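K.L.:
Dropping in start-v3.cif, with mmCIF, C-alpha atoms.
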data_query
loop_
_atom_site.label_atom_id
_atom_site.label_comp_id
_atom_site.auth_asym_id
_atom_site.auth_seq_id
_atom_site.Cartn_x
_atom_site.Cartn_y
_atom_site.Cartn_z
CA MET A 23 159.16 152.66 55.64
CA SER A 24 157.54 149.64 57.22
CA ARG A 25 158.37 148.14 60.58
CA PRO A 26 156.82 145.73 63.07
CA ILE A 27 154.48 147.13 65.69
CA GLU A 28 153.80 145.78 69.15
CA LEU A 29 150.53 146.36 70.93
CA ARG A 30 147.82 144.51 72.81
CA LEU A 31 145.01 143.36 70.58
CA ASN A 32 141.75 142.13 72.09
CA GLY A 33 143.46 141.30 75.37
CA ARG A 34 146.55 139.54 73.97
CA PRO A 35 150.03 140.84 73.10
CA ALA A 36 150.44 141.09 69.36
CA THR A 37 153.30 141.87 66.98
CA ILE A 38 152.23 143.05 63.56
CA PRO A 39 155.05 142.76 61.01
CA ASP A 40 155.69 145.19 58.16
CA VAL A 41 153.15 147.91 58.86
CA PRO A 42 153.74 150.81 56.45
CA ASP A 43 154.04 154.21 58.13
CA ASP A 44 151.00 155.60 56.29
CA GLU A 45 148.66 152.67 57.01
CA ARG A 46 145.38 153.40 58.82
CA LEU A 47 144.36 151.29 61.79
CA LEU A 48 141.15 150.43 59.91
CA ASP A 49 143.13 148.86 57.06
CA THR A 50 145.54 147.05 59.36
CA LEU A 51 142.62 145.48 61.23
CA ARG A 52 140.60 144.49 58.19
CA TRP A 53 143.22 143.53 55.61
CA ARG A 54 146.36 142.63 57.56
CA LEU A 55 144.75 140.96 60.59
CA ASP A 56 141.54 139.80 58.89
CA LEU A 57 139.40 141.33 61.64
CA LYS A 58 136.49 142.27 59.40
CA GLY A 59 134.10 143.21 62.18
CA THR A 60 135.38 146.79 62.09
CA LYS A 61 133.59 148.35 59.13
CA GLU A 62 134.55 151.02 56.66
CA GLY A 63 131.76 153.56 56.09
CA CYS A 64 132.53 157.13 55.08
CA ARG A 65 136.27 157.02 55.76
CA THR A 66 136.08 160.70 56.70
CA GLY A 67 135.32 160.46 60.43
CA GLY A 68 131.59 161.05 60.09
CA CYS A 69 129.75 157.75 60.37
CA GLY A 70 131.26 155.87 63.33
CA ALA A 71 131.27 152.47 61.56
CA CYS A 72 135.02 152.01 62.18
CA THR A 73 134.94 152.86 65.92
CA VAL A 74 137.37 150.81 68.04
CA LEU A 75 138.72 151.23 71.57
CA VAL A 76 142.28 152.34 72.25
CA ASP A 77 143.13 152.03 75.94
CA GLY A 78 139.39 151.90 76.58
CA ARG A 79 138.57 155.11 74.67
CA SER A 80 136.61 155.10 71.43
CA ILE A 81 138.45 156.36 68.36
CA LEU A 82 137.80 156.33 64.63
CA ALA A 83 140.08 153.73 63.03
CA CYS A 84 139.80 155.46 59.63
CA LEU A 85 141.51 158.56 61.06
CA ALA A 86 144.28 156.87 63.03
CA LEU A 87 147.67 155.78 61.74
CA THR A 88 148.40 152.26 62.99
CA ARG A 89 151.86 153.31 64.14
CA GLU A 90 150.33 156.04 66.29
CA VAL A 91 148.64 153.40 68.49
CA GLU A 92 151.85 151.42 69.02
CA GLY A 93 152.09 150.16 72.61
CA THR A 94 148.39 150.69 73.37
CA ALA A 95 145.59 148.18 74.00
CA VAL A 96 143.33 148.00 70.95
CA THR A 97 139.91 146.37 71.28
CA THR A 98 137.66 145.56 68.34
CA ILE A 99 134.21 143.99 68.16
CA GLU A 100 135.97 140.59 67.92
CA GLY A 101 137.20 141.14 71.49
CA SER A 102 133.83 142.26 72.83
CA ALA A 103 132.92 138.94 74.49
CA SER A 104 135.80 139.16 76.95
CA ASP A 105 135.24 142.82 77.93
CA PRO A 106 132.45 143.21 80.52
CA ASP A 107 131.24 146.60 79.23
CA LEU A 108 131.21 145.56 75.59
CA ALA A 109 129.57 142.24 76.49
CA ARG A 110 126.85 144.17 78.31
CA VAL A 111 126.15 146.32 75.22
CA ARG A 112 126.10 143.26 72.97
CA ALA A 113 123.67 141.46 75.25
CA ALA A 114 121.34 144.47 75.19
CA PHE A 115 121.48 144.69 71.38
CA GLU A 116 120.75 140.97 71.11
CA LYS A 117 117.90 141.09 73.62
CA VAL A 118 115.97 143.87 71.85
CA GLY A 119 117.12 142.97 68.32
CA ALA A 120 118.72 146.37 67.81
CA LEU A 121 119.93 145.87 64.27
CA GLN A 122 118.69 145.57 60.74
CA CYS A 123 121.48 145.02 58.20
CA GLY A 124 124.07 145.06 60.99
CA TYR A 125 126.75 147.04 59.16
CA CYS A 126 126.79 149.91 61.70
CA THR A 127 126.34 147.63 64.72
CA PRO A 128 130.01 147.06 65.66
CA GLY A 129 130.55 150.83 65.66
CA PHE A 130 127.51 151.41 67.88
CA VAL A 131 128.62 148.66 70.27
CA MET A 132 132.17 150.02 70.53
CA THR A 133 130.95 153.61 71.05
CA LEU A 134 128.53 152.56 73.79
CA GLY A 135 131.10 150.27 75.43
CA GLY A 136 133.54 153.18 75.53
CA LEU A 137 130.84 155.41 77.04
CA LEU A 138 130.11 152.83 79.75
CA LYS A 139 133.78 152.93 80.71
CA GLU A 140 133.80 156.73 80.71
CA ILE A 141 130.53 157.69 82.38
CA GLY A 142 129.33 154.52 84.09
CA ARG A 143 126.21 152.37 83.81
CA SER A 144 123.83 154.69 85.61
CA ALA A 145 124.70 157.93 83.76
CA PRO A 146 121.62 159.76 82.41
CA ILE A 147 120.33 158.23 79.19
CA ASP A 148 120.75 161.58 77.40
CA GLN A 149 124.52 161.32 77.85
CA PHE A 150 124.51 157.98 76.06
CA LEU A 151 122.23 159.20 73.29
CA ARG A 152 124.27 162.39 72.74
CA GLY A 153 127.34 160.16 72.74
CA LEU A 154 125.88 158.32 69.73
CA ASP A 155 125.75 161.57 67.71
CA GLY A 156 128.60 160.35 65.51
CA ASN A 157 127.19 156.90 64.68
CA LEU A 158 124.94 156.59 61.64
CA CYS A 159 122.54 153.73 60.89
CA ARG A 160 121.64 153.81 57.23
CA CYS A 161 118.69 151.49 57.85
CA THR A 162 117.45 154.19 60.26
CA GLY A 163 116.97 151.52 62.91
CA TYR A 164 117.45 154.07 65.66
CA ALA A 165 114.33 153.29 67.70
CA SER A 166 115.56 149.80 68.57
CA ILE A 167 119.07 151.11 69.25
CA VAL A 168 117.58 153.59 71.74
CA ARG A 169 115.75 150.67 73.38
CA ALA A 170 119.05 148.78 73.61
CA VAL A 171 120.63 151.79 75.33
CA ALA A 172 117.81 151.81 77.89
CA GLU A 173 118.27 148.06 78.38
CA MET A 174 122.02 148.42 78.83
CA ARG A 175 121.77 151.13 81.47
CA GLU A 176 121.47 150.44 85.15
CA PRO A 177 118.75 152.60 86.69
CA GLY A 178 120.34 155.14 89.03
CA PRO A 179 119.61 155.31 92.78
CA MET B 8 155.50 151.23 49.95
CA ALA B 9 154.37 153.95 52.30
CA SER B 10 153.64 157.34 50.78
CA PHE B 11 155.33 159.06 53.71
CA GLU B 12 157.69 158.37 56.57
CA LEU B 13 156.34 158.81 60.09
CA LEU B 14 158.75 160.42 62.56
CA THR B 15 158.03 160.31 66.30
CA PRO B 16 160.54 162.52 68.14
CA ALA B 17 160.68 161.74 71.85
CA THR B 18 161.58 165.20 73.14
CA VAL B 19 160.73 168.79 72.31
CA ASP B 20 164.33 169.47 71.29
CA ALA B 21 164.32 166.45 69.00
CA ALA B 22 161.01 167.59 67.47
CA ILE B 23 162.39 171.09 66.75
CA ALA B 24 165.59 169.58 65.33
CA THR B 25 163.46 167.34 63.07
CA LEU B 26 161.52 170.36 61.84
CA ARG B 27 164.78 172.16 61.04
CA ALA B 28 166.25 169.15 59.24
CA ILE B 29 163.45 168.80 56.68
CA GLU B 30 162.37 171.34 54.10
CA PRO B 31 159.01 172.82 55.22
CA ALA B 32 157.25 172.04 51.95
CA ARG B 33 158.03 168.34 52.36
CA ARG B 34 156.72 167.69 55.87
CA VAL B 35 153.66 168.19 58.04
CA VAL B 36 153.10 168.06 61.80
CA LEU B 37 150.63 165.48 63.11
CA ALA B 38 148.64 165.97 66.33
CA GLY B 39 145.25 164.20 66.45
CA GLY B 40 145.19 163.77 62.69
CA THR B 41 141.42 164.14 62.29
CA ASP B 42 141.81 166.99 59.77
CA LEU B 43 145.30 166.40 58.39
CA LEU B 44 144.70 162.77 57.38
CA LEU B 45 141.65 163.85 55.36
CA ASP B 46 143.87 166.30 53.45
CA ILE B 47 146.38 163.53 52.79
CA ASP B 48 143.57 161.25 51.54
CA ASP B 49 142.29 163.93 49.18
CA GLY B 50 145.75 164.80 47.91
CA ARG B 51 145.56 168.34 49.31
CA ALA B 52 148.66 167.41 51.31
CA ALA B 53 151.35 165.06 50.00
CA PRO B 54 154.15 165.15 52.57
CA SER B 55 157.19 162.91 52.38
CA GLN B 56 157.59 163.13 56.17
CA VAL B 57 154.93 163.32 58.87
CA ILE B 58 156.21 164.46 62.27
CA SER B 59 154.05 163.10 65.09
CA LEU B 60 153.79 164.99 68.40
CA ARG B 61 152.46 161.89 70.17
CA ARG B 62 155.49 161.40 72.42
CA LEU B 63 155.78 165.02 73.58
CA PRO B 64 154.59 165.78 77.16
CA TRP B 65 151.90 168.24 76.11
CA ARG B 66 148.67 166.41 77.01
CA THR B 67 148.26 168.69 79.99
CA LEU B 68 145.64 170.84 81.66
CA ASP B 69 146.81 173.26 84.36
CA TRP B 70 145.06 175.83 86.50
CA VAL B 71 147.37 178.61 87.66
CA GLU B 72 145.81 181.32 89.81
CA GLY B 73 142.42 180.60 88.27
CA SER B 74 143.56 180.80 84.66
CA LEU B 75 143.75 177.77 82.41
CA THR B 76 146.62 176.45 80.29
CA VAL B 77 145.82 173.63 77.89
CA GLY B 78 148.66 171.60 76.39
CA SER B 79 148.46 171.57 72.61
CA THR B 80 148.08 167.80 72.24
CA LEU B 81 145.48 167.24 74.96
CA ALA B 82 142.45 165.47 73.45
CA LEU B 83 139.39 167.71 73.16
CA ARG B 84 137.41 165.06 75.02
CA SER B 85 139.66 165.48 78.07
CA LEU B 86 139.05 169.22 78.00
CA GLU B 87 135.30 168.65 77.74
CA LYS B 88 135.28 166.31 80.73
CA GLU B 89 136.93 168.81 83.08
CA PRO B 90 133.95 170.24 85.03
CA GLU B 91 135.76 173.50 85.83
CA VAL B 92 136.12 174.29 82.13
CA ALA B 93 132.36 174.35 81.64
CA ARG B 94 131.96 176.46 84.78
CA ARG B 95 134.66 179.06 84.10
CA TYR B 96 134.70 179.16 80.28
CA PRO B 97 131.23 177.97 79.19
CA ALA B 98 131.80 178.97 75.56
CA LEU B 99 134.89 176.76 75.39
CA ALA B 100 132.99 173.71 76.63
CA GLN B 101 130.15 174.44 74.18
CA ALA B 102 132.55 174.81 71.25
CA VAL B 103 134.44 171.62 72.10
CA ARG B 104 131.16 169.69 72.14
CA ALA B 105 130.39 171.12 68.68
CA VAL B 106 133.43 169.35 67.21
CA GLY B 107 132.66 165.98 65.61
CA SER B 108 131.72 163.00 67.77
CA VAL B 109 133.02 161.60 71.07
CA ALA B 110 135.35 159.25 69.18
CA LEU B 111 136.68 162.09 67.05
CA ARG B 112 137.23 164.24 70.14
CA HIS B 113 139.27 161.43 71.71
CA SER B 114 141.82 162.12 68.95
CA ALA B 115 141.35 165.78 67.96
CA THR B 116 143.34 168.43 69.83
CA LEU B 117 143.11 172.17 70.54
CA GLY B 118 146.61 172.76 69.15
CA GLY B 119 145.78 170.89 65.96
CA ASN B 120 142.59 172.84 65.44
CA LEU B 121 144.43 176.13 65.84
CA ALA B 122 147.40 175.13 63.69
CA ARG B 123 145.13 173.96 60.87
CA ALA B 124 143.26 177.32 61.02
CA ALA B 125 140.19 176.12 59.15
CA PRO B 126 137.76 178.98 58.41
CA ALA B 127 134.94 176.83 59.82
CA SER B 128 136.73 175.98 63.09
CA ASP B 129 134.29 175.87 66.00
CA LEU B 130 137.05 176.58 68.51
CA ILE B 131 138.71 179.64 67.00
CA PRO B 132 135.82 182.12 67.56
CA VAL B 133 135.84 181.13 71.23
CA LEU B 134 139.62 181.45 71.54
CA LEU B 135 139.22 184.97 70.14
CA VAL B 136 136.56 186.15 72.62
CA LEU B 137 138.39 184.57 75.57
CA ASP B 138 141.60 186.42 74.54
CA ALA B 139 143.50 183.13 74.44
CA GLU B 140 147.27 183.26 73.97
CA VAL B 141 149.22 180.76 71.86
CA GLU B 142 152.51 179.58 73.35
CA LEU B 143 154.98 178.70 70.61
CA VAL B 144 158.27 176.92 71.11
CA GLY B 145 161.15 177.08 68.64
CA PRO B 146 164.94 176.71 68.45
CA THR B 147 165.63 179.95 70.32
CA GLY B 148 163.01 179.55 73.04
CA SER B 149 159.35 180.32 73.34
CA ARG B 150 157.05 183.25 72.59
CA SER B 151 153.38 184.08 73.10
CA LEU B 152 150.98 185.48 70.57
CA SER B 153 147.31 186.41 70.79
CA VAL B 154 145.10 184.09 68.72
CA ASP B 155 144.02 187.15 66.72
CA ARG B 156 147.63 187.78 65.67
CA PHE B 157 148.38 184.08 65.24
CA LEU B 158 145.70 183.70 62.58
CA VAL B 159 146.68 185.17 59.23
CA ALA B 160 144.12 183.86 56.77
CA SER B 161 142.26 180.71 55.86
CA ARG B 162 144.63 177.83 56.65
CA ARG B 163 147.50 180.27 57.32
CA THR B 164 149.05 181.20 60.67
CA ALA B 165 151.98 183.25 61.97
CA ILE B 166 153.84 180.16 63.17
CA ALA B 167 157.48 179.99 61.97
CA PRO B 168 158.56 176.87 60.05
CA ASP B 169 160.64 175.65 63.00
CA GLU B 170 158.06 176.36 65.72
CA LEU B 171 155.43 174.19 67.40
CA ILE B 172 152.36 175.14 69.44
CA ARG B 173 153.11 174.06 72.99
CA ALA B 174 150.00 175.32 74.78
CA ILE B 175 147.01 177.65 74.70
CA ARG B 176 146.52 179.89 77.71
CA PHE B 177 143.23 181.39 78.80
CA PRO B 178 143.19 184.48 81.04
CA GLU B 179 140.49 185.14 83.62
CA PRO B 180 137.25 183.13 83.55
CA ARG B 181 134.48 184.80 81.53
CA PRO B 182 130.72 184.46 81.30
CA SER B 183 130.51 183.39 77.67
CA ALA B 184 128.60 181.40 75.08
CA TYR B 185 129.11 179.78 71.68
CA LEU B 186 126.14 179.19 69.40
CA TRP B 187 126.07 177.78 65.89
CA GLN B 188 123.57 176.97 63.17
CA ARG B 189 123.92 173.87 61.00
CA VAL B 190 121.79 171.74 58.73
CA ARG B 191 122.93 168.61 60.61
CA ARG B 192 124.07 168.62 64.22
CA VAL B 193 127.10 166.37 63.70
CA HIS B 194 129.62 165.98 60.89
CA ASP B 195 128.54 169.24 59.33
CA ILE B 196 130.01 172.69 59.08
CA SER B 197 128.28 175.64 60.70
CA GLN B 198 126.46 178.04 58.38
CA LEU B 199 127.35 180.68 60.93
CA ALA B 200 128.55 180.73 64.52
CA ILE B 201 128.79 183.43 67.18
CA ALA B 202 130.96 183.53 70.29
CA VAL B 203 130.50 186.16 73.01
CA ALA B 204 132.26 186.75 76.32
CA TRP B 205 132.09 189.38 79.05
CA SER B 206 135.46 190.33 80.51
CA PRO B 207 135.05 191.25 84.20
CA ASP B 208 138.60 192.68 84.21
CA ARG B 209 138.28 194.92 81.18
CA LYS B 210 134.55 195.57 81.65
CA THR B 211 133.93 194.94 77.96
CA TRP B 212 132.24 192.40 75.77
CA ARG B 213 134.02 190.43 73.07
CA VAL B 214 132.09 189.18 70.06
CA ALA B 215 133.42 186.96 67.27
CA VAL B 216 131.81 185.44 64.22
CA GLY B 217 132.82 182.05 62.81
CA GLY B 218 131.81 179.68 60.06
CA ILE B 219 132.55 182.12 57.23
CA PRO B 220 135.72 182.48 55.15
CA PRO B 221 138.45 183.57 55.22
CA ARG B 222 138.69 183.37 59.04
CA SER B 223 136.85 184.01 62.28
CA VAL B 224 137.03 187.66 63.28
CA LEU B 225 136.39 189.78 66.34
CA LEU B 226 133.68 192.41 65.93
CA PRO B 227 134.73 195.23 68.31
CA GLU B 228 132.04 197.69 67.15
CA VAL B 229 129.36 195.11 67.91
CA ALA B 230 130.90 194.40 71.31
CA ALA B 231 131.00 198.14 72.07
CA ALA B 232 127.30 198.45 71.24
CA LEU B 233 126.49 195.89 73.94
CA GLY B 234 127.83 198.35 76.54
CA GLY B 235 128.01 197.08 80.11
CA GLU B 236 127.55 193.73 81.78
CA ARG B 237 123.74 193.66 81.40
CA PRO B 238 122.79 194.99 77.97
CA GLY B 239 119.15 196.02 77.68
CA SER B 240 116.90 195.67 74.67
CA SER B 241 118.09 198.90 73.05
CA GLU B 242 121.74 197.87 73.33
CA LEU B 243 120.90 194.46 71.92
CA HIS B 244 118.98 196.09 69.08
CA THR B 245 121.94 198.31 68.15
CA ALA B 246 124.38 195.43 68.45
CA ARG B 247 122.23 193.26 66.19
CA ALA B 248 121.97 196.00 63.58
CA ARG B 249 125.73 196.56 63.63
CA ALA B 250 126.43 192.83 63.52
CA SER B 251 124.41 192.31 60.37
CA ARG B 252 126.46 195.04 58.64
CA ALA B 253 129.83 194.27 60.22
CA VAL B 254 130.89 191.13 58.40
CA ALA B 255 131.32 190.42 54.74
CA LEU B 256 128.87 187.54 54.50
CA VAL B 257 128.96 185.21 51.56
CA ALA B 258 126.54 182.87 49.84
CA ASP B 259 127.67 179.29 49.32
CA ARG B 260 126.13 175.83 49.17
CA ARG B 261 125.47 175.87 52.92
CA ALA B 262 123.49 179.11 53.17
CA SER B 263 122.49 182.25 51.30
CA GLU B 264 123.93 185.63 52.20
CA GLU B 265 120.49 186.82 53.29
CA TYR B 266 120.00 183.85 55.62
CA ARG B 267 123.40 184.42 57.19
CA ARG B 268 122.58 188.13 57.69
CA GLN B 269 119.51 187.08 59.66
CA LEU B 270 121.48 184.51 61.62
CA VAL B 271 124.15 186.94 62.83
CA GLY B 272 121.65 188.98 64.84
CA VAL B 273 119.60 186.06 66.08
CA LEU B 274 122.61 184.07 67.29
CA LEU B 275 124.19 187.19 68.79
CA GLU B 276 121.18 187.96 70.97
CA ARG B 277 120.76 184.32 72.01
CA ALA B 278 124.47 184.04 72.82
CA VAL B 279 124.44 187.16 75.01
CA ARG B 280 121.37 185.87 76.88
CA SER B 281 123.01 182.47 77.29
CA ALA B 282 126.24 184.03 78.61
CA LEU B 283 124.27 186.08 81.14
CA GLY B 284 122.17 183.10 82.14
CA GLY B 285 125.16 180.98 83.08
CA GLY B 286 125.76 179.41 79.70
CA ALA B 287 123.50 176.38 79.71
CA ALA B 288 122.75 176.63 76.00
CA GLY B 289 124.63 174.92 73.15
#
Let me see whether you can do it: turn the structure in this file into structure tokens.
P.N.:
Amino acid sequence: MSRPIELRLNGRPATIPDVPDDERLLDTLRWRLDLKGTKEGCRTGGCGACTVLVDGRSILACLALTREVEGTAVTTIEGSASDPDLARVRAAFEKVGALQCGYCTPGFVMTLGGLLKEIGRSAPIDQFLRGLDGNLCRCTGYASIVRAVAEMREPGP
Amino acid sequence: MASFELLTPATVDAAIATLRAIEPARRVVLAGGTDLLLDIDDGRAAPSQVISLRRLPWRTLDWVEGSLTVGSTLALRSLEKEPEVARRYPALAQAVRAVGSVALRHSATLGGNLARAAPASDLIPVLLVLDAEVELVGPTGSRSLSVDRFLVASRRTAIAPDELIRAIRFPEPRPSAYLWQRVRRVHDISQLAIAVAWSPDRKTWRVAVGGIPPRSVLLPEVAAALGGERPGSSELHTARARASRAVALVADRRASEEYRRQLVGVLLERAVRSALGGGAAG
């Protein structure tokens, strides 16, 4: 079966025609909608490269059927400029140069943006770092990513 | 063309009717999908119909007279963020945090974990020591089953073909802990895991071991050796000795049998101390 799906995509209503029932959100984004910012890494839920937001919560697009997110608001890295939390993470990554090859970066940005929405800007840094447990950087550029997390946080009272 | 048809029944009755209308070998039930979709990718499952529980009203968390009922399709992340869960059932909070990453836990569910009955499940040992009950709903009504009776073997449960898991109910709060050993902290399977809980009502300990096939099991003789609420060093010594003999440990690519035999005792003692200390570990 394949049917059209309605959802909000990066802040705008979208109708995606002919989505097969077994299609993963990752494939719909990359190949049907040409949103190549969401990356495919392990495709088994272990690397975080395909992280996107669904109704503000981070999920792994490789382990989600597109039809299961029908009617939700999906945000990808392409929509990060118009979301204040994601824009804040991006600015921090840019300021400290928190990337090497960049392949894992959209996943890190989406995970951290989701965490900002969940736990707030002044949550303890450990909560952000533990929240990155599922994101791998194959360049092992973690030190600069940790600096970006510190930059992104707002010091608590 | 899609390899399967996705069905999204809007009511519990419709979901049960859908189950009854399709031959069990041809369909699977989808909750969070974080385990099932991997099986479909690998060809271990090749359903012609996938029945999604997404529209059912089971993403719930209810406290009734101090006991907790978790709807089967509630995301694990929602369970983890409820402060009272960590306070009343520390082992449950620790086990939930041991599952995948934040993003994975936004999809994965307690009902899905139980229904899939993976031998390496981080949640099942904790459900066992907390004496959790599984609420099943089928065409003739609902029934409850202890998790111990629900689990049959690796990847096999006592659920009937036309039943669904509606909720998991936890009785009285228990000082408890869940500890595991892995090579990597995330996206890895535990070499061994231990759950312990003290039941103030029954005045007994519960001990379960996880991370080894075919399934997590309760170890009543080990629990008995712990004695009362505050086991001393001699009780711990006896319990450790019994624990290392109590389970049929195996060697596989994750750990040797000898290493696992060491781990059982070490994790057991640490888990008991953590449970008594308020459960900050894990």
K.L.:
Hey, what's within 8 Å of segment 32-39 of chain B if we count all atoms listed in the file and toss same-chain stuff fewer than 6 positions away? As a list in words, please?
P.N.:
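Non-adjacent residues within range: Ala53, Pro54, Ser55, Gln56, Val57, Ile58, Ser59, Leu60, Arg61, Thr80, Ala82, Ser114, Ala115, Thr116, Gly118 and Gly119 of chain B.
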K.L.:
Using all atoms listed in the file - which residues lie no farther than 6 Å from the point (148.2, 178.4, 71.8) in the file's frame? Write them as a PDB file with C-alpha atoms, in the frame of the given file.
P.N.:
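The result, stored in out.pdb:
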ATOM      1  CA  GLU B 140     147.270 183.260  73.970  1.00  0.00           C
ATOM      2  CA  VAL B 141     149.220 180.760  71.860  1.00  0.00           C
ATOM      3  CA  GLU B 142     152.510 179.580  73.350  1.00  0.00           C
ATOM      4  CA  ILE B 172     152.360 175.140  69.440  1.00  0.00           C
ATOM      5  CA  ALA B 174     150.000 175.320  74.780  1.00  0.00           C
ATOM      6  CA  ILE B 175     147.010 177.650  74.700  1.00  0.00           C
TER       7      ILE B 175
END
K.L.:
Quick one, how far is atom CA of Ala24 of chain B from atom CA of Asp155 of chain B?
P.N.:
27.9 Å
K.L.:
What's the separation between atom CA of Val271 of chain B and atom CA of Val92 of chain B, in Å to one decimal place?
P.N.:
26.0 Å
K.L.:
With distances taken over only C-alpha atoms, which of A:Pro106, A:Pro128, A:Pro26, A:Gly153 is nearest to chain B?
P.N.:
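Counting only C-alpha atoms, the residue closest to chain B is A:Gly153.
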K.L.:
Compile the residues of chain B that lie within 7 Å of chain A, evaluated using all atoms listed in the file, and express the compilation as an mmCIF file with C-alpha atoms, in the coordinates of the input.
P.N.:
data_model
loop_
_atom_site.group_PDB
_atom_site.id
_atom_site.type_symbol
_atom_site.label_atom_id
_atom_site.label_comp_id
_atom_site.auth_asym_id
_atom_site.auth_seq_id
_atom_site.Cartn_x
_atom_site.Cartn_y
_atom_site.Cartn_z
ATOM 1 C CA MET B 8 155.500 151.230 49.950
ATOM 2 C CA ALA B 9 154.370 153.950 52.300
ATOM 3 C CA SER B 10 153.640 157.340 50.780
ATOM 4 C CA PHE B 11 155.330 159.060 53.710
ATOM 5 C CA GLU B 12 157.690 158.370 56.570
ATOM 6 C CA LEU B 13 156.340 158.810 60.090
ATOM 7 C CA GLY B 40 145.190 163.770 62.690
ATOM 8 C CA THR B 41 141.420 164.140 62.290
ATOM 9 C CA LEU B 44 144.700 162.770 57.380
ATOM 10 C CA LEU B 45 141.650 163.850 55.360
ATOM 11 C CA GLY B 107 132.660 165.980 65.610
ATOM 12 C CA SER B 108 131.720 163.000 67.770
ATOM 13 C CA VAL B 109 133.020 161.600 71.070
ATOM 14 C CA ALA B 110 135.350 159.250 69.180
ATOM 15 C CA LEU B 111 136.680 162.090 67.050
ATOM 16 C CA HIS B 113 139.270 161.430 71.710
ATOM 17 C CA SER B 114 141.820 162.120 68.950
ATOM 18 C CA VAL B 193 127.100 166.370 63.700
ATOM 19 C CA HIS B 194 129.620 165.980 60.890
#
K.L.:
If we count all atoms listed in the file, what is near segment 168-174 of chain A at a cut-off of 12 Å, once residues fewer than 4 positions away on the same chain are taken out, given as a compact mmCIF listing (two decimals) with C-alpha atoms, in the coordinates of the input?
P.N.:
# COMPACT_ATOMS: atom_id res chain seq x y z
CA PRO A 106 132.45 143.21 80.52
CA ASP A 107 131.24 146.60 79.23
CA LEU A 108 131.21 145.56 75.59
CA ALA A 109 129.57 142.24 76.49
CA ARG A 110 126.85 144.17 78.31
CA VAL A 111 126.15 146.32 75.22
CA ARG A 112 126.10 143.26 72.97
CA ALA A 113 123.67 141.46 75.25
CA ALA A 114 121.34 144.47 75.19
CA PHE A 115 121.48 144.69 71.38
CA GLU A 116 120.75 140.97 71.11
CA LYS A 117 117.90 141.09 73.62
CA VAL A 118 115.97 143.87 71.85
CA GLY A 119 117.12 142.97 68.32
CA ALA A 120 118.72 146.37 67.81
CA LEU A 121 119.93 145.87 64.27
CA THR A 127 126.34 147.63 64.72
CA PHE A 130 127.51 151.41 67.88
CA VAL A 131 128.62 148.66 70.27
CA THR A 133 130.95 153.61 71.05
CA LEU A 134 128.53 152.56 73.79
CA GLY A 135 131.10 150.27 75.43
CA LEU A 137 130.84 155.41 77.04
CA LEU A 138 130.11 152.83 79.75
CA GLY A 142 129.33 154.52 84.09
CA ARG A 143 126.21 152.37 83.81
CA SER A 144 123.83 154.69 85.61
CA ALA A 145 124.70 157.93 83.76
CA PRO A 146 121.62 159.76 82.41
CA ILE A 147 120.33 158.23 79.19
CA ASP A 148 120.75 161.58 77.40
CA GLN A 149 124.52 161.32 77.85
CA PHE A 150 124.51 157.98 76.06
CA LEU A 151 122.23 159.20 73.29
CA ARG A 152 124.27 162.39 72.74
CA GLY A 153 127.34 160.16 72.74
CA LEU A 154 125.88 158.32 69.73
CA CYS A 159 122.54 153.73 60.89
CA THR A 162 117.45 154.19 60.26
CA GLY A 163 116.97 151.52 62.91
CA TYR A 164 117.45 154.07 65.66
CA GLY A 178 120.34 155.14 89.03
K.L.:
I need the residue set behind the PyMOL selection byres ((chain B and resi 206) around 10) for this file; please write it as a ChimeraX atom specification.
P.N.:
/B:136-138,178-183,203-205,207-213,236
K.L.:
With the PyMOL selection byres ((chain B and resi 249) around 10) as the selection, what would be picked from this file? Answer as an MDAnalysis selection string, please.
P.N.:
chainID B and resid 226 228:230 232 243:248 250:254 271:272
K.L.:
Hey, what comes out of the PyMOL selection byres ((chain B and resi 224) around 8) on this file? Could you write it as a list in words?
P.N.:
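That selection, the PyMOL selection byres ((chain B and resi 224) around 8), comes back as Pro132, Leu135, Asp155, Ala215, Val216, Gly217, Arg222, Ser223, Leu225 and Leu226 of chain B.
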K.L.:
Got time to write the residues from that selection, C-alpha atoms, as a short mmCIF file (atom, residue, chain, number, x, y, z; two decimals), in the coordinates of the input?
P.N.:
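Output (out_31.cif):
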data_model
loop_
_atom_site.label_atom_id
_atom_site.label_comp_id
_atom_site.auth_asym_id
_atom_site.auth_seq_id
_atom_site.Cartn_x
_atom_site.Cartn_y
_atom_site.Cartn_z
CA PRO B 132 135.82 182.12 67.56
CA LEU B 135 139.22 184.97 70.14
CA ASP B 155 144.02 187.15 66.72
CA ALA B 215 133.42 186.96 67.27
CA VAL B 216 131.81 185.44 64.22
CA GLY B 217 132.82 182.05 62.81
CA ARG B 222 138.69 183.37 59.04
CA SER B 223 136.85 184.01 62.28
CA LEU B 225 136.39 189.78 66.34
CA LEU B 226 133.68 192.41 65.93
#
K.L.:
Hey, can you check how far atom CA of Thr97 of chain A sits from atom CA of Leu14 of chain B?
P.N.:
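Taking atom CA of Thr97 of chain A and atom CA of Leu14 of chain B, their separation equals 25.1 Å.
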K.L.:
Please check which residues have atoms at most 9 Å from (141.6, 174.2, 70.4) in the file's coordinates, counting all atoms listed in the file, and write them as a list of chain:residue names.
P.N.:
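The residues near that point, listed by chain and number, are B:Val77, B:Ser79, B:Leu83, B:Leu99, B:Val103, B:Ala115, B:Thr116, B:Leu117, B:Gly118, B:Gly119, B:Asn120, B:Leu121, B:Ala122, B:Ser128, B:Asp129, B:Leu130, B:Ile131, B:Leu134, B:Ile175.
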